[in-house]
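What follows is a short report on a single structure.
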Amino acid sequence: MRYYIGADHAGYEIKDFVKNIFLSYGDEVIDVGTFDDKRVDYPDFAKIVSKKILDDIGSQGVLICGTGIGMSISANRFQGIRAALCHDSLSAILSKQHNDANILCLGSRVSGKAMIEQIIKSWRDCSFEQGRHTNRVKKIDKL
Ligand code: RB5
């Protein structure tokens, strides 16, 4: 699986941590920045990751800002993007199984490293259940 990862200045440190979790599974990770703690605007990175995922069918992404809220609001402006802000493993699992989330959003100022590791592993290890969820997800794109 190929993952596109982006963060703003509040999330860039955690981005490396997240990246290494995926790399430890042998996943491909494409880091689109930011690469230091200089202030940047989260919508710019949400846009880069969202467009990459829409262009690269089957890929997924992770977006990190202070709360994860700005990233999720921004990414969800793109039709075909289903960005889920998760603070716990169960939400991460269900966001994939039921909502076919193709971007996971994390809040570096909200979730600690141990929880983030659990969230990433849970989200990575499950897949869309289809069935009754397929039509619901299709309806999202028609809104
Ligand atoms: C940056 O200070 C902060 O506003 C941003 O990282 C994020 O939390 C916005 O939703």
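All residue names refer to the structure tokens as shown: chains lettered A, B, ... in order, residues numbered from 1 in each chain, ligands numbered from 1 in order.
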*Test item: residues no farther than 12 Å from ligand 1, counting only C-alpha atoms and all ligand atoms, as a ChimeraX atom specification*: /A:6-14,34,37-46,63-75,85,105-111
Take the residues from that selection and put them in a file with C-alpha atoms, as a short mmCIF file (atom, residue, chain, number, x, y, z; two decimals), in the first residue's frame.
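The result, written out as again-v8.cif:
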```
data_model
loop_
_atom_site.label_atom_id
_atom_site.label_comp_id
_atom_site.auth_asym_id
_atom_site.auth_seq_id
_atom_site.Cartn_x
_atom_site.Cartn_y
_atom_site.Cartn_z
CA GLY A 6 1.24 15.49 5.19
CA ALA A 7 1.29 17.75 8.23
CA ASP A 8 1.45 21.36 9.23
CA HIS A 9 4.01 22.77 11.70
CA ALA A 10 1.99 21.39 14.65
CA GLY A 11 2.08 17.89 13.21
CA TYR A 12 5.44 17.61 11.51
CA GLU A 13 7.24 15.91 14.41
CA ILE A 14 4.54 13.24 14.75
CA THR A 34 6.01 20.18 5.96
CA ASP A 37 8.31 23.80 12.59
CA LYS A 38 8.05 27.00 10.55
CA ARG A 39 4.39 28.07 10.46
CA VAL A 40 2.46 26.89 7.44
CA ASP A 41 -1.23 26.62 6.56
CA TYR A 42 -2.87 23.20 6.96
CA PRO A 43 -5.23 23.55 3.93
CA ASP A 44 -2.18 23.60 1.63
CA PHE A 45 -1.07 20.16 2.82
CA ALA A 46 -4.60 18.77 2.90
CA LEU A 63 -2.94 14.24 7.59
CA ILE A 64 -1.77 15.66 10.89
CA CYS A 65 -2.31 19.08 12.43
CA GLY A 66 -2.72 20.25 16.03
CA THR A 67 -6.25 18.93 16.41
CA GLY A 68 -6.76 17.14 13.10
CA ILE A 69 -9.87 19.27 12.63
CA GLY A 70 -8.51 21.74 10.07
CA MET A 71 -7.03 18.93 8.02
CA SER A 72 -10.27 16.91 8.02
CA ILE A 73 -12.45 19.92 7.12
CA SER A 74 -10.09 20.82 4.28
CA ALA A 75 -9.62 17.32 2.84
CA LEU A 85 -10.56 12.42 12.25
CA CYS A 105 -6.59 12.66 10.26
CA LEU A 106 -4.74 12.93 13.55
CA GLY A 107 -4.35 15.65 16.17
CA SER A 108 -0.83 15.91 17.50
CA ARG A 109 -1.99 18.11 20.39
CA VAL A 110 -4.84 15.79 21.26
CA SER A 111 -3.53 12.23 20.95
#
```
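Secondary structure from DSSP on the backbone puts strand (DSSP E) at the following positions of segment 39-140 of chain A: Gln60, Gly61, Val62, Leu63, Ile64, Cys65, Ala83, Ala84, Leu85, Ile103, Leu104, Cys105, Leu106 and Gly107 of chain A.
Our summary of the geometry notes that atom CA of Arg136 of chain A is positioned 23.0 Å from atom CA of Asp56 of chain A.
Proximity of A:Arg2, A:His87, A:Lys96, A:Lys113 to His133 of chain A, computed with only C-alpha atoms, is greatest for A:Lys96.
The spacing separating atom CA of Glu129 of chain A from atom CA of Val32 of chain A amounts to 29.4 Å.
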